[in-house]
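This report concerns only the one structure given below.
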Amino acid sequence: MPTNARAISRLIVAERPSLLRFVQRIVGSGANAEDVTQSLWLRAQRIADVPPIANPRAYLYRLAANLAIDHLKSETRRSQVDIEAQALLWGCDEILAADRVMIAGDTLVRVEAAARALPERTRRIFELHRYEGLSQRAVAERLGVSTTTVEKHMRRAMRLLAAARDGE
């Protein structure tokens, strides 16, 4: 097991009660906090040694927060899909469904416009990574840039597209 993974795993064990409280404040449920903490443990096992982690405790809590937020988003999506499935199975207010379609269409138009408006290099990196499925390393090699540059452009693209999606 890599040194970083070992250090974070030991820290999870030592900080478990505190981590559970921290995650529960985000996800709202003890059972969900347990699930996220278990995911945190599994994720920690895959942490590489490069680069070395300067502040393992801060890294652990940031990772826990990210996993908790991802869990919330997943639960929200799952809940929305369940509501829509129930509406399809048992009948729904067609006006509500039409309203959702209209809102989704507006959102799609905003995101597509934002994607077209991305700076050329950022758009190209985004397309190679998201649409063509290349890893960030493969994108970097293809374009002759560093992986850090690819990461920077991906963060920029995701930030701008999320802002467009949210109507900002």
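Residue numbers start at 1 in each chain; chains themselves are named A, B, ... in the order of the structure tokens; ligands are numbered from 1 in the order shown.
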Hey, what's within 9 Å of Leu160 in chain A if we count only C-alpha atoms and toss same-chain stuff fewer than 4 positions away? As a count of residues only, please?
-> 8
Neighbour list for range 52-57 of chain A as a list in words, cut-off 10 Å, only C-alpha atoms, skip fewer than 6 positions in-chain | Thr3, Asn4, Ala5, Ala7, Ile8, Ser9, Leu11, Ile12, Glu15 and Leu63 of chain A
Selection to disk with N, CA, C and O atoms, as a PDB file, in the first residue's frame:
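Written file, again20.pdb:
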ATOM      1  N   THR A   3       2.421   4.943   0.664  1.00  0.00           N
ATOM      2  CA  THR A   3       2.572   5.668   1.929  1.00  0.00           C
ATOM      3  C   THR A   3       1.409   6.624   2.180  1.00  0.00           C
ATOM      4  O   THR A   3       0.888   6.680   3.292  1.00  0.00           O
ATOM      5  N   ASN A   4       1.009   7.391   1.149  1.00  0.00           N
ATOM      6  CA  ASN A   4      -0.117   8.315   1.327  1.00  0.00           C
ATOM      7  C   ASN A   4      -1.388   7.564   1.719  1.00  0.00           C
ATOM      8  O   ASN A   4      -2.118   7.984   2.609  1.00  0.00           O
ATOM      9  N   ALA A   5      -1.661   6.458   1.041  1.00  0.00           N
ATOM     10  CA  ALA A   5      -2.856   5.665   1.329  1.00  0.00           C
ATOM     11  C   ALA A   5      -2.813   5.130   2.754  1.00  0.00           C
ATOM     12  O   ALA A   5      -3.827   5.147   3.470  1.00  0.00           O
ATOM     13  N   ALA A   7      -1.184   6.410   5.331  1.00  0.00           N
ATOM     14  CA  ALA A   7      -1.344   7.521   6.275  1.00  0.00           C
ATOM     15  C   ALA A   7      -2.804   7.956   6.369  1.00  0.00           C
ATOM     16  O   ALA A   7      -3.334   8.178   7.464  1.00  0.00           O
ATOM     17  N   ILE A   8      -3.467   8.078   5.236  1.00  0.00           N
ATOM     18  CA  ILE A   8      -4.869   8.500   5.232  1.00  0.00           C
ATOM     19  C   ILE A   8      -5.746   7.418   5.869  1.00  0.00           C
ATOM     20  O   ILE A   8      -6.670   7.729   6.634  1.00  0.00           O
ATOM     21  N   SER A   9      -5.461   6.156   5.595  1.00  0.00           N
ATOM     22  CA  SER A   9      -6.243   5.065   6.182  1.00  0.00           C
ATOM     23  C   SER A   9      -6.127   5.066   7.703  1.00  0.00           C
ATOM     24  O   SER A   9      -7.121   4.889   8.419  1.00  0.00           O
ATOM     25  N   LEU A  11      -5.443   7.618   9.532  1.00  0.00           N
ATOM     26  CA  LEU A  11      -6.123   8.826   9.992  1.00  0.00           C
ATOM     27  C   LEU A  11      -7.640   8.615  10.013  1.00  0.00           C
ATOM     28  O   LEU A  11      -8.324   9.103  10.922  1.00  0.00           O
ATOM     29  N   ILE A  12      -8.163   7.885   9.043  1.00  0.00           N
ATOM     30  CA  ILE A  12      -9.606   7.583   9.030  1.00  0.00           C
ATOM     31  C   ILE A  12      -9.987   6.821  10.292  1.00  0.00           C
ATOM     32  O   ILE A  12     -10.990   7.129  10.933  1.00  0.00           O
ATOM     33  N   GLU A  15      -9.723   9.201  13.300  1.00  0.00           N
ATOM     34  CA  GLU A  15     -10.673  10.319  13.244  1.00  0.00           C
ATOM     35  C   GLU A  15     -12.112   9.870  13.000  1.00  0.00           C
ATOM     36  O   GLU A  15     -12.985  10.710  12.781  1.00  0.00           O
ATOM     37  N   LEU A  63     -11.551  15.447   1.151  1.00  0.00           N
ATOM     38  CA  LEU A  63     -12.034  14.268   0.444  1.00  0.00           C
ATOM     39  C   LEU A  63     -13.389  13.833   0.999  1.00  0.00           C
ATOM     40  O   LEU A  63     -14.318  13.523   0.242  1.00  0.00           O
TER      41      LEU A  63
END
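Put simply, CA of Met154 in chain A is 7.0 Å away from CA of Thr122 in chain A.
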Residues of range 5-159 of chain A in alpha helix (DSSP H) according to DSSP, as an MDAnalysis selection string?
-> chainID A and resid 5:27 30:44 56:90 94:117 120:126 136:143 147:159
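Among A:Ile83, A:Val27, A:Leu40, A:Leu134, the residue with the shortest atom-to-atom distance to Tyr61 in chain A, counting only C-alpha atoms, is A:Leu40.
Put simply, CA of Ala64 in chain A is 6.8 Å away from CA of Val23 in chain A.
Among the candidate residues A:Ala65, A:Ala104, A:Ala140, A:Leu128, the one lying nearest to Ile26 in chain A is A:Ala65, with distances computed using only C-alpha atoms.
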I'd like the contact shell of Arg142 in chain A - 12 Å cut-off, only C-alpha atoms, skipping same-chain residues fewer than 5 positions apart - returned as a PDB file with C-alpha atoms, in the first residue's frame.
ATOM      1  CA  ARG A 124     -10.767  21.585 -27.389  1.00  0.00           C
ATOM      2  CA  ILE A 125      -9.479  20.089 -24.136  1.00  0.00           C
ATOM      3  CA  LEU A 128     -11.229  15.585 -26.104  1.00  0.00           C
ATOM      4  CA  HIS A 129     -11.733  14.636 -22.478  1.00  0.00           C
ATOM      5  CA  LEU A 134      -9.502  10.602 -23.571  1.00  0.00           C
ATOM      6  CA  SER A 135      -7.843  10.667 -20.181  1.00  0.00           C
ATOM      7  CA  GLN A 136      -6.373  13.961 -19.056  1.00  0.00           C
ATOM      8  CA  ARG A 137      -2.902  12.531 -19.582  1.00  0.00           C
ATOM      9  CA  THR A 147      -1.440  17.467 -17.314  1.00  0.00           C
ATOM     10  CA  VAL A 150      -5.367  20.153 -18.950  1.00  0.00           C
TER      11      VAL A 150
END
